[in-house]
file target.cif (mmCIF, C-alpha atoms)
data_protein
loop_
_atom_site.label_atom_id
_atom_site.label_comp_id
_atom_site.auth_asym_id
_atom_site.auth_seq_id
_atom_site.Cartn_x
_atom_site.Cartn_y
_atom_site.Cartn_z
CA MET A 959 -14.53 -25.93 -7.28
CA ILE A 960 -11.12 -27.57 -7.63
CA LYS A 961 -9.66 -24.33 -8.99
CA ILE A 962 -11.01 -22.33 -6.05
CA ARG A 963 -9.64 -24.81 -3.51
CA LEU A 964 -6.23 -24.86 -5.16
CA ASN A 965 -6.05 -21.09 -5.15
CA LYS A 966 -7.03 -21.00 -1.49
CA ILE A 967 -4.19 -23.43 -0.80
CA VAL A 968 -1.83 -21.13 -2.71
CA LEU A 969 -2.94 -18.20 -0.55
CA VAL A 970 -2.49 -20.18 2.67
CA ILE A 971 1.01 -21.21 1.60
CA SER A 972 1.75 -17.60 0.69
CA PHE A 973 0.69 -16.45 4.16
CA PHE A 974 2.77 -19.20 5.76
CA LEU A 975 5.90 -18.24 3.84
CA MET A 976 5.49 -14.59 4.74
CA ALA A 977 4.89 -15.43 8.38
CA SER A 978 8.22 -17.26 8.41
CA ILE A 979 10.14 -14.12 7.39
CA VAL A 980 12.21 -12.91 10.33
CA ASN A 981 11.53 -9.30 11.27
CA ALA A 982 10.44 -7.25 14.24
CA GLU A 983 6.65 -6.78 14.22
CA VAL A 984 4.76 -4.74 16.80
CA PHE A 985 1.15 -3.61 17.09
CA LYS A 986 0.82 -0.02 18.27
CA LYS A 987 -1.75 2.69 18.84
CA ILE A 988 -1.04 6.42 18.92
CA SER A 989 -3.11 9.55 19.51
CA THR A 990 -3.29 11.73 16.42
CA ARG A 991 -6.09 14.21 17.13
CA ASP A 992 -8.15 15.14 20.17
CA GLY A 993 -9.88 11.92 21.24
CA VAL A 994 -8.72 10.06 18.10
CA THR A 995 -6.27 7.18 17.82
CA VAL A 996 -4.82 5.19 14.96
CA SER A 997 -3.82 1.55 15.38
CA PHE A 998 -1.14 0.13 13.13
CA ILE A 999 1.38 -2.65 12.57
CA LYS A 1000 5.03 -1.66 12.53
CA ASN A 1001 7.47 -4.01 10.80
CA SER A 1002 11.16 -3.25 11.20
CA PRO A 1003 14.09 -4.89 9.40
CA LEU A 1004 16.46 -6.69 11.73
CA LYS A 1005 19.41 -5.24 9.83
CA ARG A 1006 19.91 -1.79 8.33
CA ILE A 1007 16.81 0.26 7.51
CA LYS A 1008 17.22 1.32 3.88
CA ALA A 1009 13.92 3.20 3.58
CA ALA A 1010 10.50 3.37 5.22
CA ALA A 1011 6.91 3.35 4.00
CA VAL A 1012 3.33 3.75 5.13
CA LEU A 1013 1.17 1.08 3.46
CA PHE A 1014 -2.43 2.00 2.63
CA ALA A 1015 -4.91 -0.82 2.03
CA GLY A 1016 -7.73 -0.58 -0.47
CA GLY A 1017 -11.49 -0.70 -0.04
CA GLY A 1018 -12.55 1.31 2.96
CA GLY A 1019 -9.12 1.03 4.51
CA ASN A 1020 -10.30 -1.28 7.29
CA ILE A 1021 -7.80 -4.05 8.01
CA GLY A 1022 -9.36 -5.44 11.20
CA LEU A 1023 -6.53 -4.94 13.67
CA ASP A 1024 -7.08 -6.70 16.99
CA MET A 1025 -4.69 -5.01 19.38
CA GLY A 1026 -5.31 -7.55 22.13
CA ARG A 1027 -4.73 -10.67 20.07
CA LYS A 1028 -2.12 -9.02 17.83
CA THR A 1029 -3.93 -10.15 14.69
CA VAL A 1030 -5.12 -8.59 11.46
CA ASP A 1031 -8.22 -9.57 9.48
CA SER A 1032 -7.31 -8.60 5.93
CA GLU A 1033 -6.08 -10.36 2.79
CA ASN A 1034 -5.10 -7.06 1.16
CA PHE A 1035 -1.96 -7.20 -0.98
CA LEU A 1036 0.02 -4.69 1.08
CA VAL A 1037 -1.15 -6.06 4.41
CA ARG A 1038 -0.15 -9.62 3.59
CA SER A 1039 3.13 -8.44 2.01
CA ARG A 1040 4.30 -6.18 4.83
CA LYS A 1041 6.95 -8.66 6.02
CA LEU A 1042 8.34 -8.95 2.53
CA PHE A 1043 9.01 -5.22 2.53
CA SER A 1044 10.81 -5.38 5.88
CA ALA A 1045 12.85 -8.37 4.67
CA SER A 1046 14.05 -6.06 1.88
CA GLY A 1047 15.15 -3.42 4.35
CA ILE A 1048 12.00 -1.29 4.36
CA LEU A 1049 10.49 -0.29 7.70
CA THR A 1050 6.72 -0.28 7.25
CA ILE A 1051 3.69 1.04 9.06
CA THR A 1052 0.35 -0.50 8.07
CA PRO A 1053 -2.52 1.51 9.58
CA ASP A 1054 -6.14 0.70 10.26
CA VAL A 1055 -8.77 3.43 9.88
CA PRO A 1056 -8.74 6.20 12.52
CA SER A 1057 -10.92 5.55 15.56
CA ASP A 1058 -13.46 8.24 14.59
CA MET A 1059 -14.07 6.79 11.12
CA THR A 1060 -15.87 3.63 10.06
CA GLY A 1061 -14.27 3.63 6.63
CA LEU A 1062 -12.49 5.77 4.07
CA LYS A 1063 -14.27 5.02 0.82
CA ASN A 1064 -15.04 8.34 -0.89
CA ASN A 1065 -13.41 10.07 2.11
CA ARG A 1066 -9.76 9.60 1.22
CA SER A 1067 -9.19 13.35 0.85
CA ASN A 1068 -10.26 14.04 4.44
CA LEU A 1069 -7.91 16.66 5.94
CA ASP A 1070 -8.22 15.18 9.43
CA TYR A 1071 -6.94 11.96 7.91
CA ARG A 1072 -3.95 13.86 6.55
CA THR A 1073 -3.17 14.86 10.13
CA ASP A 1074 -3.29 11.19 11.14
CA ILE A 1075 -0.88 10.26 8.34
CA ALA A 1076 1.50 13.03 9.41
CA TYR A 1077 1.63 11.49 12.89
CA LEU A 1078 2.45 8.11 11.36
CA ILE A 1079 5.29 9.72 9.46
CA GLU A 1080 6.59 11.21 12.72
CA GLU A 1081 6.41 7.72 14.22
CA ILE A 1082 8.71 6.53 11.44
CA LYS A 1083 11.13 9.42 11.99
CA ARG A 1084 11.62 8.30 15.57
CA SER A 1085 13.11 5.08 14.19
CA THR A 1086 15.06 6.18 11.12
CA SER A 1087 16.27 9.10 9.04
CA SER A 1088 15.99 7.01 5.86
CA PRO A 1089 13.77 8.13 2.94
CA ILE A 1090 10.03 7.80 3.61
CA TRP A 1091 7.53 6.63 1.01
CA LEU A 1092 3.76 6.27 0.80
CA ILE A 1093 2.52 3.08 -0.89
CA GLY A 1094 -1.13 2.54 -1.75
CA THR A 1095 -3.03 -0.25 -3.40
CA SER A 1096 -6.40 0.00 -5.15
CA ARG A 1097 -8.32 2.73 -3.28
CA GLY A 1098 -5.32 3.13 -1.02
CA SER A 1099 -3.60 4.77 -4.00
CA ILE A 1100 -6.25 7.49 -3.84
CA THR A 1101 -5.09 8.33 -0.31
CA VAL A 1102 -1.53 8.67 -1.57
CA GLY A 1103 -2.56 10.85 -4.50
CA TYR A 1104 -4.48 13.29 -2.30
CA HIS A 1105 -2.01 13.68 0.54
CA ALA A 1106 1.50 13.09 -0.82
CA PRO A 1107 1.99 16.69 -2.07
CA GLU A 1108 1.40 18.11 1.41
CA LEU A 1109 3.51 15.68 3.44
CA ASN A 1110 7.23 15.52 4.07
CA ILE A 1111 8.06 12.34 2.16
CA ASN A 1112 10.51 11.22 -0.51
CA GLY A 1113 8.45 9.19 -2.97
CA ILE A 1114 5.24 7.27 -3.66
CA VAL A 1115 4.13 3.96 -5.14
CA LEU A 1116 0.67 3.51 -6.70
CA THR A 1117 -0.40 -0.13 -7.12
CA ALA A 1118 -3.57 -1.49 -8.77
CA SER A 1119 -4.89 2.07 -8.67
CA VAL A 1120 -8.59 2.88 -9.09
CA THR A 1121 -9.03 5.03 -12.18
CA GLU A 1122 -12.63 4.32 -13.26
CA GLY A 1123 -16.14 4.23 -11.82
CA ASN A 1124 -18.78 6.38 -10.18
CA ASN A 1125 -16.95 6.57 -6.85
CA ASP A 1126 -13.80 8.52 -6.08
CA THR A 1127 -10.78 7.70 -8.26
CA ILE A 1128 -7.13 8.67 -8.14
CA PHE A 1129 -7.91 11.48 -10.56
CA GLY A 1130 -9.89 13.22 -7.84
CA ALA A 1131 -6.44 14.27 -6.67
CA ASP A 1132 -4.36 16.78 -8.62
CA LEU A 1133 -1.48 14.55 -9.64
CA SER A 1134 0.37 17.49 -11.16
CA LYS A 1135 1.13 18.59 -7.58
CA ILE A 1136 3.26 15.51 -6.98
CA ARG A 1137 6.92 16.52 -7.25
CA ILE A 1138 8.63 13.40 -5.95
CA PRO A 1139 9.59 10.05 -7.56
CA THR A 1140 6.51 8.00 -8.41
CA LEU A 1141 6.23 4.32 -9.31
CA ILE A 1142 3.06 2.94 -10.93
CA VAL A 1143 2.52 -0.83 -10.51
CA HIS A 1144 -0.24 -2.88 -12.12
CA HIS A 1145 -1.14 -6.39 -13.27
CA GLU A 1146 -1.89 -6.85 -16.96
CA ASN A 1147 -4.63 -9.36 -16.07
CA ASP A 1148 -6.41 -7.11 -13.58
CA VAL A 1149 -10.07 -7.39 -14.63
CA CYS A 1150 -11.47 -5.13 -11.93
CA ILE A 1151 -13.70 -2.63 -13.75
CA ALA A 1152 -12.44 0.18 -11.53
CA SER A 1153 -8.74 -0.43 -12.21
CA PRO A 1154 -8.15 -1.41 -15.85
CA PRO A 1155 -4.47 -1.75 -16.84
CA SER A 1156 -4.98 1.02 -19.40
CA GLY A 1157 -5.37 3.45 -16.52
CA THR A 1158 -1.64 3.35 -15.89
CA ASN A 1159 -1.02 5.46 -18.99
CA ALA A 1160 -3.42 8.14 -17.79
CA ILE A 1161 -1.77 8.22 -14.37
CA PHE A 1162 1.68 8.46 -15.93
CA ASN A 1163 0.62 11.35 -18.16
CA ALA A 1164 -1.03 13.18 -15.25
CA LEU A 1165 2.21 13.15 -13.25
CA THR A 1166 3.53 16.15 -15.13
CA ASN A 1167 5.88 17.32 -12.37
CA ALA A 1168 7.20 14.07 -10.93
CA PRO A 1169 11.01 14.18 -11.37
CA LYS A 1170 11.10 10.41 -11.88
CA LYS A 1171 8.22 8.18 -12.87
CA HIS A 1172 7.96 4.63 -14.10
CA VAL A 1173 5.36 1.94 -14.85
CA LEU A 1174 5.86 -1.68 -13.81
CA LEU A 1175 3.47 -4.26 -15.32
CA PHE A 1176 3.23 -7.90 -14.23
CA LYS A 1177 1.76 -10.89 -16.05
CA GLU A 1178 2.31 -13.97 -13.90
CA GLY A 1179 0.62 -15.19 -10.70
CA ASN A 1180 -2.65 -16.91 -9.88
CA TYR A 1181 -6.16 -16.01 -10.98
CA GLY A 1182 -7.30 -16.60 -7.41
CA TYR A 1183 -10.84 -16.48 -6.11
CA GLY A 1184 -13.43 -13.94 -5.01
CA ARG A 1185 -14.64 -10.78 -6.70
CA ASP A 1186 -12.62 -9.25 -9.52
CA CYS A 1187 -11.70 -6.21 -7.42
CA GLY A 1188 -10.75 -8.33 -4.42
CA ALA A 1189 -7.33 -8.92 -2.93
CA THR A 1190 -7.05 -12.59 -3.90
CA THR A 1191 -6.94 -12.07 -7.67
CA PRO A 1192 -4.50 -10.46 -10.12
CA HIS A 1193 -5.82 -7.14 -8.76
CA GLY A 1194 -4.01 -8.11 -5.55
CA PHE A 1195 -0.95 -9.66 -7.26
CA LEU A 1196 -1.80 -13.09 -5.88
CA GLY A 1197 1.06 -15.56 -6.12
CA ILE A 1198 3.70 -13.03 -7.18
CA GLU A 1199 3.96 -11.00 -3.99
CA ARG A 1200 7.70 -11.59 -3.64
CA GLU A 1201 8.45 -10.54 -7.21
CA VAL A 1202 6.28 -7.43 -6.96
CA VAL A 1203 7.71 -6.31 -3.62
CA SER A 1204 11.26 -6.95 -4.84
CA ALA A 1205 10.70 -4.85 -7.95
CA ILE A 1206 9.07 -2.07 -5.94
CA THR A 1207 11.82 -1.88 -3.35
CA THR A 1208 14.57 -2.03 -5.97
CA TRP A 1209 13.07 0.97 -7.79
CA MET A 1210 12.43 2.87 -4.55
CA LEU A 1211 16.00 2.54 -3.34
CA LYS A 1212 17.47 3.49 -6.71
CA ALA A 1213 15.16 6.51 -7.05
CA THR A 1214 16.40 8.03 -3.81
CA ASP A 1215 20.06 7.04 -4.29
CA ASP A 1216 20.49 8.83 -7.62
#
call {"tool": "encode", "arguments": {"input": "target.cif", "output": "structure tokens"}}
result
Amino acid sequence: MIKIRLNKIVLVISFFLMASIVNAEVFKKISTRDGVTVSFIKNSPLKRIKAAAVLFAGGGGNIGLDMGRKTVDSENFLVRSRKLFSASGILTITPDVPSDMTGLKNNRSNLDYRTDIAYLIEEIKRSTSSPIWLIGTSRGSITVGYHAPELNINGIVLTASVTEGNNDTIFGADLSKIRIPTLIVHHENDVCIASPPSGTNAIFNALTNAPKKHVLLFKEGNYGYGRDCGATTPHGFLGIEREVVSAITTWMLKATDD
């Protein structure tokens, strides 16, 4: 019980620190298909935009955006780290599920969803001409794997990717079609049965046509609380969000500068 409470305190402190990061955050909704909208959070650096990224949460992709209250109901690694990315010069868009879908689990390859993502990319292009990346975590990496080859982007990041199990995995996508820089990020203590650290090697080997590819493994952080595949465990890089985001953004910027 003491361990759980301490880890909850760590998470609250983590949220507080991220909330204190100065950046421009807006909640928006755009039409993407006939009668369909996508709500998202847009975080913009206050200084120069070095790159941009669409952040895809795991699970069913639902992040609980409340457009009226300007709040989000998700502890997902990318959702709670969005301000860290913008503090590093990365403009980010963090979308909720499209209005005509209740969730994306086992539906990440949906071609209508690809249309929605394309509109989000166009939203980014209205703000910057900087390189655009797709970043997914857990099942969000499956979205990136399916759609990256068909979208006009500059690179991808796959974090805590799902590689095992009876449901859809990242290998449902043909990773050999990815021809842009790819970063694989994982925690060595991730005990989620669907995302074992050993899966990073299989992802790396499947990226046969990526011009640049690299694996980043982390060891530190907090064990956290909740289910093994939840966001508040090593699977969600709890307690090392700053280090992980810093390493990701450093590699992203170098990959597109070379």
call {"tool": "residues_around", "arguments": {"input": "target.cif", "residues": "region 1051-1067 of chain A", "least_positions_apart": "3", "cutoff": "6 Å", "atoms": "only C-alpha atoms", "output": "VMD selection string"}}
result
chain A and resid 994 to 1000 1012 to 1013 1018 to 1021 1101 1104 1126
call {"tool": "residues_near_point", "arguments": {"input": "target.cif", "point": "(-15.7, 6.6, -7.9)", "cutoff": "12 Å", "atoms": "only C-alpha atoms", "output": "list in words"}}
result
Gly1017, Lys1063, Asn1064, Asn1065, Arg1066, Ser1096, Arg1097, Ile1100, Ser1119, Val1120, Thr1121, Glu1122, Gly1123, Asn1124, Asn1125, Asp1126, Thr1127, Ile1128, Phe1129, Gly1130, Ile1151, Ala1152 and Ser1153 of chain A
call {"tool": "atom_distance", "arguments": {"input": "target.cif", "atom1": "CA of His1105 (chain A)", "atom2": "CA of Lys1083 (chain A)"}}
result
17.9 Å
call {"tool": "atom_distance", "arguments": {"input": "target.cif", "atom1": "CA of Asn1112 (chain A)", "atom2": "CA of Ile1138 (chain A)"}}
result
6.2 Å
call {"tool": "residues_near_point", "arguments": {"input": "target.cif", "point": "(9.9, 9.3, -9.8)", "cutoff": "12 Å", "atoms": "all atoms listed in the file", "output": "PyMOL selection string"}}
result
chain A and resi 1091+1112-1116+1136-1142+1162+1165-1173+1209-1216
call {"tool": "axis_aligned_box", "arguments": {"input": "target.cif", "around": "region 1197-1213 of chain A", "padding_each_side": "6 Å", "output": "lines of an AutoDock Vina configuration file"}}
result
center_x = 9.3
center_y = -4.5
center_z = -5.6
size_x = 28.4
size_y = 34.1
size_z = 16.6
call {"tool": "resolve_selection", "arguments": {"input": "target.cif", "expression": "the PyMOL selection byres ((chain A and resi 981-993) around 12)", "output": "ChimeraX atom specification"}}
result
/A:976-980,994-1007,1023-1030,1040-1058,1069-1081
call {"tool": "closest_residue", "arguments": {"input": "target.cif", "among": "A:Ser1204, A:Ser1039, A:Ser1087, A:Asn1068", "to": "Ala1131 (chain A)", "atoms": "all atoms listed in the file"}}
result
A:Asn1068
call {"tool": "atom_distance", "arguments": {"input": "target.cif", "atom1": "CA of Asn1163 (chain A)", "atom2": "CA of Ser1134 (chain A)"}}
result
9.3 Å
call {"tool": "closest_residue", "arguments": {"input": "target.cif", "among": "A:Ile1090, A:Ala1160, A:Ala1106, A:Val1149", "to": "Lys1135 (chain A)", "atoms": "all atoms listed in the file"}}
result
A:Ala1106
call {"tool": "closest_residue", "arguments": {"input": "target.cif", "among": "A:Ala1118, A:Ala1015, A:Val1102, A:Leu1036", "to": "Val1203 (chain A)", "atoms": "all atoms listed in the file"}}
result
A:Leu1036
call {"tool": "closest_residue", "arguments": {"input": "target.cif", "among": "A:Leu1175, A:Leu1092, A:Ala1010, A:Ala1205", "to": "His1145 (chain A)", "atoms": "only C-alpha atoms"}}
result
A:Leu1175
call {"tool": "closest_residue", "arguments": {"input": "target.cif", "among": "A:Pro1192, A:Gly1197, A:Gly1184, A:Gly1179", "to": "Asn1147 (chain A)", "atoms": "all atoms listed in the file"}}
result
A:Pro1192
call {"tool": "closest_residue", "arguments": {"input": "target.cif", "among": "A:Leu1133, A:Phe1035, A:Leu1174, A:Ser1088", "to": "Thr1208 (chain A)", "atoms": "only C-alpha atoms"}}
result
A:Leu1174
